[in-house]
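The file upload00.json comes next; it holds JSON, C-alpha atoms.
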[["chain", "number", "residue", "atom", "x", "y", "z"],
["Y", 1, "MET", "CA", 0.00, 0.00, 0.00],
["Y", 2, "THR", "CA", 1.48, 3.36, -1.04],
["Y", 3, "ALA", "CA", 1.59, 6.30, 1.33],
["Y", 4, "ALA", "CA", -0.96, 8.25, -0.74],
["Y", 5, "HIS", "CA", -3.32, 5.26, -0.78],
["Y", 6, "ALA", "CA", -2.91, 4.70, 2.97],
["Y", 7, "LEU", "CA", -3.66, 8.34, 3.74],
["Y", 8, "ALA", "CA", -6.75, 8.21, 1.51],
["Y", 9, "VAL", "CA", -7.94, 5.08, 3.34],
["Y", 10, "LEU", "CA", -7.49, 6.75, 6.73],
["Y", 11, "ARG", "CA", -9.43, 9.82, 5.65],
["Y", 12, "GLU", "CA", -12.24, 7.86, 4.00],
["Y", 13, "ARG", "CA", -12.65, 4.95, 6.42],
["Y", 14, "GLY", "CA", -11.26, 6.22, 9.70],
["Y", 15, "PRO", "CA", -8.88, 4.18, 11.87],
["Y", 16, "ASP", "CA", -7.40, 1.34, 9.84],
["Y", 17, "ARG", "CA", -4.66, -0.95, 11.18],
["Y", 18, "ALA", "CA", -3.33, -1.96, 7.77],
["Y", 19, "ALA", "CA", -3.10, 1.63, 6.50],
["Y", 20, "GLU", "CA", -1.34, 2.85, 9.63],
["Y", 21, "ALA", "CA", 1.00, -0.14, 9.55],
["Y", 22, "ALA", "CA", 1.93, 0.74, 5.97],
["Y", 23, "LEU", "CA", 2.54, 4.41, 6.77],
["Y", 24, "LEU", "CA", 4.49, 3.89, 9.98],
["Y", 25, "GLY", "CA", 5.55, 0.29, 10.57],
["Y", 26, "GLU", "CA", 6.50, -0.78, 7.06],
["Y", 27, "TRP", "CA", 8.08, 2.60, 6.35],
["Y", 28, "LEU", "CA", 10.17, 2.40, 9.53],
["Y", 29, "LEU", "CA", 11.41, -1.10, 8.70],
["Y", 30, "ALA", "CA", 12.28, -0.06, 5.15],
["Y", 31, "GLN", "CA", 14.20, 2.98, 6.43],
["Y", 32, "ALA", "CA", 16.10, 0.77, 8.87],
["Y", 33, "GLY", "CA", 16.99, -1.76, 6.18],
["Y", 34, "LEU", "CA", 14.94, -4.51, 7.76],
["Y", 35, "GLY", "CA", 12.62, -5.00, 4.80],
["Y", 36, "GLU", "CA", 8.86, -4.65, 4.83],
["Y", 37, "GLY", "CA", 7.73, -8.27, 5.14],
["Y", 38, "ASP", "CA", 4.18, -9.56, 5.04],
["Y", 39, "ALA", "CA", 3.23, -9.59, 8.74],
["Y", 40, "GLU", "CA", 1.54, -6.50, 10.14],
["Y", 41, "VAL", "CA", 3.82, -4.37, 12.31],
["Y", 42, "THR", "CA", 2.87, -1.65, 14.77],
["Y", 43, "VAL", "CA", 5.19, 1.04, 16.11],
["Y", 44, "ALA", "CA", 5.64, 2.19, 19.68],
["Y", 45, "PRO", "CA", 5.18, 5.97, 19.35],
["Y", 46, "GLY", "CA", 7.64, 6.74, 22.15],
["Y", 47, "GLY", "CA", 6.80, 8.76, 25.21],
["Y", 48, "ALA", "CA", 8.18, 10.17, 28.43],
["Y", 49, "ARG", "CA", 7.05, 7.10, 30.38],
["Y", 50, "ASP", "CA", 8.70, 4.56, 28.07],
["Y", 51, "ASN", "CA", 11.87, 2.90, 29.38],
["Y", 52, "VAL", "CA", 12.76, 0.38, 26.67],
["Y", 53, "VAL", "CA", 16.44, -0.57, 26.40],
["Y", 54, "LEU", "CA", 18.39, -2.86, 24.08],
["Y", 55, "CYS", "CA", 21.17, -5.04, 25.47],
["Y", 56, "ASP", "CA", 22.91, -7.91, 23.68],
["Y", 57, "GLY", "CA", 20.18, -8.10, 21.06],
["Y", 58, "ARG", "CA", 17.33, -8.27, 23.58],
["Y", 59, "LEU", "CA", 14.72, -5.67, 24.53],
["Y", 60, "SER", "CA", 13.67, -4.95, 28.09],
["Y", 61, "GLY", "CA", 11.35, -2.34, 29.57],
["Y", 62, "THR", "CA", 7.89, -0.99, 28.85],
["Y", 63, "ALA", "CA", 6.32, 0.93, 25.96],
["Y", 64, "HIS", "CA", 3.02, 2.72, 26.49],
["Y", 65, "ARG", "CA", 0.09, 3.65, 24.23],
["Y", 66, "VAL", "CA", 1.10, 1.35, 21.37],
["Y", 67, "PRO", "CA", -1.72, 1.29, 18.79],
["Y", 68, "TRP", "CA", -3.26, -2.16, 18.24],
["Y", 69, "ALA", "CA", -0.35, -4.02, 19.82],
["Y", 70, "ARG", "CA", -2.75, -6.80, 20.83],
["Y", 71, "ASP", "CA", -3.50, -7.52, 17.15],
["Y", 72, "ALA", "CA", -0.08, -6.95, 15.56],
["Y", 73, "ALA", "CA", 2.30, -9.69, 14.48],
["Y", 74, "ARG", "CA", 5.40, -7.62, 15.19],
["Y", 75, "ILE", "CA", 6.23, -4.55, 17.27],
["Y", 76, "ALA", "CA", 8.87, -2.01, 16.29],
["Y", 77, "VAL", "CA", 10.64, 0.30, 18.73],
["Y", 78, "LEU", "CA", 12.76, 3.27, 17.73],
["Y", 79, "LEU", "CA", 15.72, 3.64, 20.07],
["Y", 80, "ASP", "CA", 18.63, 6.10, 20.03],
["Y", 81, "GLY", "CA", 20.95, 3.68, 18.30],
["Y", 82, "CYS", "CA", 18.68, 1.64, 16.05],
["Y", 83, "VAL", "CA", 15.27, 0.32, 15.11],
["Y", 84, "ALA", "CA", 14.44, -2.90, 16.95],
["Y", 85, "VAL", "CA", 11.68, -5.31, 15.93],
["Y", 86, "VAL", "CA", 10.30, -8.19, 18.00],
["Y", 87, "GLU", "CA", 7.63, -10.80, 17.44],
["Y", 88, "ALA", "CA", 4.44, -9.98, 19.31],
["Y", 89, "ALA", "CA", 4.37, -13.51, 20.70],
["Y", 90, "ALA", "CA", 7.62, -12.75, 22.58],
["Y", 91, "VAL", "CA", 6.22, -9.83, 24.62],
["Y", 92, "THR", "CA", 3.43, -9.23, 27.12],
["Y", 93, "VAL", "CA", 0.63, -6.96, 25.91],
["Y", 94, "GLN", "CA", -1.62, -5.31, 28.49],
["Y", 95, "PRO", "CA", -4.74, -3.93, 26.76],
["Y", 96, "HIS", "CA", -5.52, -0.25, 27.26],
["Y", 97, "VAL", "CA", -7.66, 2.24, 25.34],
["Y", 98, "ASN", "CA", -7.69, 5.96, 24.65],
["Y", 99, "LEU", "CA", -10.61, 8.33, 25.27],
["Y", 100, "ALA", "CA", -12.40, 6.97, 22.21],
["Y", 101, "GLY", "CA", -11.98, 3.34, 23.20],
["Y", 102, "GLU", "CA", -9.29, 2.65, 20.58],
["Y", 103, "ALA", "CA", -6.55, 0.17, 21.42],
["Y", 104, "ARG", "CA", -3.52, 1.93, 22.92],
["Y", 105, "ASP", "CA", -1.79, -0.95, 24.66],
["Y", 106, "MET", "CA", 1.09, -1.27, 27.07],
["Y", 107, "VAL", "CA", 3.84, -3.60, 25.86],
["Y", 108, "VAL", "CA", 6.24, -5.20, 28.35],
["Y", 109, "PHE", "CA", 9.54, -6.43, 26.90],
["Y", 110, "ASP", "CA", 11.23, -8.99, 29.11],
["Y", 111, "GLY", "CA", 14.38, -9.94, 27.26],
["Y", 112, "ALA", "CA", 12.61, -10.38, 23.91],
["Y", 113, "VAL", "CA", 14.98, -11.22, 21.06],
["Y", 114, "ALA", "CA", 15.09, -8.33, 18.59],
["Y", 115, "ARG", "CA", 16.17, -7.82, 15.01],
["Y", 116, "CYS", "CA", 18.01, -4.53, 14.75],
["Y", 117, "GLY", "CA", 18.38, -2.16, 11.83],
["Y", 118, "ALA", "CA", 19.95, 1.19, 11.07],
["Y", 119, "ALA", "CA", 19.07, 4.25, 13.13],
["Y", 120, "VAL", "CA", 16.18, 6.46, 11.99],
["Y", 121, "GLU", "CA", 15.61, 10.01, 13.20],
["Y", 122, "ALA", "CA", 12.87, 10.00, 15.84],
["Y", 123, "ASP", "CA", 11.46, 13.25, 14.45],
["Y", 124, "GLU", "CA", 10.90, 11.66, 11.05],
["Y", 125, "LEU", "CA", 8.65, 9.06, 12.65],
["Y", 126, "PHE", "CA", 6.90, 11.70, 14.76],
["Y", 127, "VAL", "CA", 6.16, 13.88, 11.73],
["Y", 128, "ARG", "CA", 4.89, 10.88, 9.80],
["Y", 129, "GLY", "CA", 2.66, 9.93, 12.73],
["Y", 130, "ALA", "CA", 1.22, 13.45, 12.78],
["Y", 131, "LEU", "CA", 0.49, 13.05, 9.07],
["Y", 132, "THR", "CA", -1.71, 10.03, 9.82],
["Y", 133, "ARG", "CA", -3.63, 11.97, 12.46],
["Y", 134, "ILE", "CA", -4.24, 14.89, 10.09],
["Y", 135, "ALA", "CA", -5.84, 12.52, 7.57],
["Y", 136, "LEU", "CA", -7.93, 10.83, 10.26],
["Y", 137, "MET", "CA", -9.15, 14.13, 11.68],
["Y", 138, "ALA", "CA", -10.04, 15.55, 8.27],
["Y", 139, "GLY", "CA", -12.18, 12.52, 7.51],
["Y", 140, "ALA", "CA", -13.85, 12.61, 10.91],
["Y", 141, "LEU", "CA", -14.68, 16.31, 10.52],
["Y", 142, "ASP", "CA", -16.28, 15.63, 7.13],
["Y", 143, "ARG", "CA", -18.55, 13.08, 8.82],
["Y", 144, "VAL", "CA", -19.29, 15.45, 11.73],
["Y", 145, "TYR", "CA", -20.52, 18.00, 9.18],
["Y", 146, "GLU", "CA", -22.70, 15.43, 7.40],
["Y", 147, "ILE", "CA", -24.29, 14.32, 10.67],
["Y", 148, "SER", "CA", -24.95, 17.91, 11.77],
["Y", 149, "VAL", "CA", -26.53, 18.97, 8.47],
["Y", 150, "ARG", "CA", -28.73, 15.87, 8.34],
["Y", 151, "HIS", "CA", -29.91, 16.39, 11.93],
["Y", 152, "ALA", "CA", -30.60, 20.09, 11.34],
["Y", 153, "GLY", "CA", -32.79, 19.17, 8.37],
["Y", 154, "ASP", "CA", -34.66, 16.35, 10.12],
["Y", 155, "ARG", "CA", -35.17, 17.83, 13.58],
["Y", 156, "ARG", "CA", -38.17, 20.17, 13.80],
["Y", 157, "GLN", "CA", -39.08, 22.82, 16.35],
["Y", 158, "PHE", "CA", -41.98, 25.26, 16.22],
["Y", 159, "GLY", "CA", -43.16, 23.60, 13.03],
["Y", 160, "ARG", "CA", -39.98, 23.95, 10.96],
["Y", 161, "PRO", "CA", -36.52, 22.35, 10.71],
["Y", 162, "ILE", "CA", -34.03, 23.68, 13.23],
["Y", 163, "GLY", "CA", -31.66, 24.30, 10.32],
["Y", 164, "SER", "CA", -33.83, 27.24, 9.34],
["Y", 165, "PHE", "CA", -32.95, 29.11, 12.55],
["Y", 166, "GLN", "CA", -30.09, 31.57, 12.27],
["Y", 167, "ALA", "CA", -28.30, 30.39, 15.42],
["Y", 168, "VAL", "CA", -28.19, 26.81, 14.12],
["Y", 169, "GLN", "CA", -27.08, 28.01, 10.69],
["Y", 170, "GLN", "CA", -24.15, 29.80, 12.31],
["Y", 171, "HIS", "CA", -23.06, 26.55, 13.97],
["Y", 172, "LEU", "CA", -23.34, 24.71, 10.65],
["Y", 173, "VAL", "CA", -21.21, 27.35, 8.95],
["Y", 174, "THR", "CA", -18.56, 26.96, 11.65],
["Y", 175, "ILE", "CA", -18.49, 23.19, 11.17],
["Y", 176, "ALA", "CA", -18.29, 23.54, 7.39],
["Y", 177, "GLN", "CA", -15.45, 26.05, 7.63],
["Y", 178, "GLN", "CA", -13.41, 23.97, 10.04],
["Y", 179, "ALA", "CA", -13.98, 20.74, 8.10],
["Y", 180, "ALA", "CA", -12.85, 22.51, 4.91],
["Y", 181, "LEU", "CA", -9.70, 23.82, 6.63],
["Y", 182, "ALA", "CA", -8.80, 20.37, 7.90],
["Y", 183, "GLY", "CA", -9.48, 18.90, 4.47],
["Y", 184, "VAL", "CA", -7.17, 21.41, 2.78],
["Y", 185, "ALA", "CA", -4.50, 20.65, 5.38],
["Y", 186, "ALA", "CA", -4.82, 16.91, 4.76],
["Y", 187, "GLU", "CA", -4.54, 17.32, 1.00],
["Y", 188, "ALA", "CA", -1.59, 19.70, 1.26],
["Y", 189, "THR", "CA", 0.38, 17.53, 3.67],
["Y", 190, "ALA", "CA", -0.29, 14.41, 1.59],
["Y", 191, "ARG", "CA", 1.35, 16.16, -1.37],
["Y", 192, "ARG", "CA", 4.18, 17.75, 0.57],
["Y", 193, "SER", "CA", 4.92, 16.20, 3.94],
["Y", 194, "GLY", "CA", 7.75, 18.44, 5.12],
["Y", 195, "GLY", "CA", 8.08, 19.37, 8.77],
["Y", 196, "PHE", "CA", 6.68, 22.88, 8.31],
["Y", 197, "GLU", "CA", 3.63, 21.66, 6.38],
["Y", 198, "VAL", "CA", 2.84, 18.86, 8.81],
["Y", 199, "ALA", "CA", 3.25, 21.19, 11.80],
["Y", 200, "ALA", "CA", 0.84, 23.72, 10.30],
["Y", 201, "GLY", "CA", -1.54, 20.97, 9.21],
["Y", 202, "LYS", "CA", -1.68, 19.31, 12.63],
["Y", 203, "LEU", "CA", -2.27, 22.68, 14.28],
["Y", 204, "LEU", "CA", -5.15, 23.43, 11.89],
["Y", 205, "ALA", "CA", -6.68, 20.00, 12.39],
["Y", 206, "ASN", "CA", -6.39, 20.20, 16.19],
["Y", 207, "ARG", "CA", -8.06, 23.60, 16.33],
["Y", 208, "ALA", "CA", -10.71, 22.60, 13.79],
["Y", 209, "ALA", "CA", -11.58, 19.56, 15.91],
["Y", 210, "LEU", "CA", -12.21, 21.78, 18.92],
["Y", 211, "SER", "CA", -14.28, 24.44, 17.13],
["Y", 212, "ALA", "CA", -16.29, 22.09, 14.93],
["Y", 213, "GLY", "CA", -16.88, 19.62, 17.75],
["Y", 214, "ARG", "CA", -18.32, 22.30, 20.00],
["Y", 215, "ALA", "CA", -20.57, 23.62, 17.24],
["Y", 216, "ALA", "CA", -21.81, 20.13, 16.29],
["Y", 217, "HIS", "CA", -22.76, 19.33, 19.87],
["Y", 218, "GLN", "CA", -24.67, 22.61, 20.01],
["Y", 219, "VAL", "CA", -26.66, 21.52, 16.95],
["Y", 220, "LEU", "CA", -27.48, 18.03, 18.23],
["Y", 221, "GLY", "CA", -27.76, 18.88, 21.91],
["Y", 222, "ALA", "CA", -27.82, 16.02, 24.41],
["Y", 223, "LEU", "CA", -28.45, 13.46, 21.67],
["Y", 224, "GLY", "CA", -24.89, 13.80, 20.36],
["Y", 225, "THR", "CA", -23.28, 13.21, 23.75],
["Y", 226, "THR", "CA", -24.46, 9.63, 24.15],
["Y", 227, "ARG", "CA", -21.88, 6.88, 23.76],
["Y", 228, "GLU", "CA", -23.91, 5.16, 21.06],
["Y", 229, "HIS", "CA", -24.45, 8.17, 18.80],
["Y", 230, "PRO", "CA", -22.04, 8.56, 15.84],
["Y", 231, "LEU", "CA", -21.32, 12.19, 16.71],
["Y", 232, "GLY", "CA", -20.16, 11.32, 20.21],
["Y", 233, "GLN", "CA", -17.96, 8.56, 18.84],
["Y", 234, "LEU", "CA", -16.38, 10.94, 16.32],
["Y", 235, "THR", "CA", -15.74, 13.80, 18.71],
["Y", 236, "ARG", "CA", -14.17, 11.47, 21.28],
["Y", 237, "ARG", "CA", -11.82, 10.30, 18.56],
["Y", 238, "LEU", "CA", -11.03, 13.88, 17.61],
["Y", 239, "TRP", "CA", -10.24, 14.76, 21.25],
["Y", 240, "ALA", "CA", -7.94, 11.75, 21.49],
["Y", 241, "TRP", "CA", -6.17, 12.39, 18.17],
["Y", 242, "ARG", "CA", -5.52, 16.03, 19.09],
["Y", 243, "SER", "CA", -2.97, 14.91, 21.67],
["Y", 244, "GLU", "CA", -1.38, 12.11, 19.63],
["Y", 245, "TYR", "CA", 1.81, 13.00, 17.73],
["Y", 246, "GLY", "CA", 1.81, 16.54, 19.02],
["Y", 247, "ASP", "CA", -0.83, 18.81, 20.56],
["Y", 248, "GLU", "CA", -1.32, 22.51, 19.84],
["Y", 249, "HIS", "CA", 1.35, 23.59, 22.29],
["Y", 250, "HIS", "CA", 3.95, 21.24, 20.81],
["Y", 251, "TRP", "CA", 3.46, 22.25, 17.18],
["Y", 252, "SER", "CA", 2.90, 25.97, 17.75],
["Y", 253, "THR", "CA", 6.08, 26.11, 19.83],
["Y", 254, "ARG", "CA", 8.08, 24.33, 17.14],
["Y", 255, "LEU", "CA", 6.66, 26.48, 14.36],
["Y", 256, "GLY", "CA", 7.30, 29.70, 16.25],
["Y", 257, "ALA", "CA", 10.85, 28.70, 17.12],
["Y", 258, "ALA", "CA", 11.62, 27.70, 13.52],
["Y", 259, "VAL", "CA", 10.35, 31.00, 12.09],
["Y", 260, "ALA", "CA", 12.14, 32.99, 14.80],
["Y", 261, "ARG", "CA", 15.42, 31.27, 13.95],
["Y", 262, "ALA", "CA", 14.95, 32.07, 10.29],
["Y", 263, "GLY", "CA", 14.37, 35.78, 11.03],
["Y", 264, "ALA", "CA", 11.63, 38.30, 10.44],
["Y", 265, "ASP", "CA", 12.20, 38.44, 6.69],
["Y", 266, "SER", "CA", 11.33, 34.76, 6.40],
["Y", 267, "VAL", "CA", 7.74, 35.00, 7.68],
["Y", 268, "TYR", "CA", 5.94, 35.57, 4.37],
["Y", 269, "PRO", "CA", 8.29, 33.32, 2.35],
["Y", 270, "ALA", "CA", 7.65, 30.60, 4.95],
["Y", 271, "ILE", "CA", 3.89, 30.89, 4.45],
["Y", 272, "THR", "CA", 4.25, 30.47, 0.70],
["Y", 273, "GLY", "CA", 7.31, 28.19, 0.57],
["Y", 274, "GLY", "CA", 7.02, 26.14, 3.74],
["Y", 275, "SER", "CA", 9.81, 23.63, 4.33],
["Y", 276, "SER", "CA", 11.80, 24.91, 1.38],
["Y", 277, "VAL", "CA", 12.30, 28.14, 3.32],
["Y", 278, "VAL", "CA", 12.10, 27.21, 7.01],
["Y", 279, "SER", "CA", 13.73, 24.15, 8.51],
["Y", 280, "MET", "CA", 11.95, 22.54, 11.46]]
Show me, as structure tokens, the structure contained in the file I just sent.
Amino acid sequence: MTAAHALAVLRERGPDRAAEAALLGEWLLAQAGLGEGDAEVTVAPGGARDNVVLCDGRLSGTAHRVPWARDAARIAVLLDGCVAVVEAAAVTVQPHVNLAGEARDMVVFDGAVARCGAAVEADELFVRGALTRIALMAGALDRVYEISVRHAGDRRQFGRPIGSFQAVQQHLVTIAQQAALAGVAAEATARRSGGFEVAAGKLLANRAALSAGRAAHQVLGALGTTREHPLGQLTRRLWAWRSEYGDEHHWSTRLGAAVARAGADSVYPAITGGSSVVSM
């Protein structure tokens, strides 16, 4: 599966193990010279709580919030010196979930034998992970808009659809605007996935999720907050994805620092030229 195809799948279908494995796991193995293989591989995203170490070809320690580790055939870990891959059968997986109920498991390595490949920059993986979340959030926001418009047309108050009231129309406009912004960000970063573009795209998607989510819940009221309703499921995913692979503070700080290093004269060229002008 190509990167463009995988991103399209994520945007159209939502969370997809195979697409994310192709974008992150298979890419990481190829970069490390370990080959892609046929078995599905998931990647430990790395975090402050992780304490995985490699000694004499064996991994020890714990990795947290690993997507779909319980279902993967192999698990890849990016360490300072190399990329290490172990068979899932050789580790202990403790199931956990994020806010949306998606698998974000804890993996305990207890001397698991690892295949090691060349080192890969951690930031490359982080940027690529953010790219997957931009695509997911853009697709989710499209569906949030569809749900909100349909409800506003079907739900009636005072003898007419609530979508005819100006206050509701304002919420629908907000959702449409934010969904369009996230969609443009997803398309732009799919074409050009430099650090500057992905940083700006993740920021836009994160902020769009907040604004559009609030407006959609105003349109649907208490109905949209139930666990069973599609809107509640989507907005919980959006809240969770906002913090994965960089929240607003992370990316705004990096963007600001990069532009500041480049100097005041680089601001407009950075907007038009992105990563070709400003290095993240």
Which residues come within 12 Å of stretch 156-162 of chain Y, counting all atoms listed in the file, excluding same-chain residues fewer than 5 positions away, as a list of chain:residue names? Y:Ser148, Y:Val149, Y:Arg150, Y:His151, Y:Ala167, Y:Val168, Y:Gln169, Y:Gln170, Y:His171, Y:Leu172, Y:Gln218, Y:Val219, Y:Leu220, Y:Gly221
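Taking atom CA of Y:Val77 and atom CA of Y:Thr42 as the two end points, the separation is 8.9 Å.
With only C-alpha atoms as the basis for measurement, Y:Gly246 is the residue among Y:Pro230, Y:Gly81, Y:Gly246, Y:Pro15 that approaches Y:Ala130 most closely.
The shortest atom-to-atom distance to Y:Gln178, with all atoms listed in the file taken into account, belongs to Y:Arg214 out of Y:Arg214, Y:Arg227, Y:Arg155, Y:Arg133.
Nearest to Y:Gly46 of all the residues Y:Glu197, Y:Glu26, Y:Asp80, Y:Asp71 is Y:Asp80, counting only C-alpha atoms.
For the pair atom CA of Y:Phe196 and atom CA of Y:Ser275, the separation is 5.1 Å.
Residues within 8 Å of stretch 184-194 of chain Y, counting only C-alpha atoms and excluding same-chain residues fewer than 2 positions away, are Y:Ala4, Y:Leu7, Y:Arg128, Y:Leu131, Y:Ile134, Y:Ala135, Y:Ala138, Y:Ala180, Y:Leu181, Y:Ala182, Y:Phe196, Y:Glu197, Y:Val198, Y:Ala200, Y:Gly201, Y:Lys202, Y:Leu204, Y:Ala205, Y:Gly274, Y:Ser275.
Relative to atom CA of Y:Ala215, atom CA of Y:Glu20 is found at 29.3 Å.
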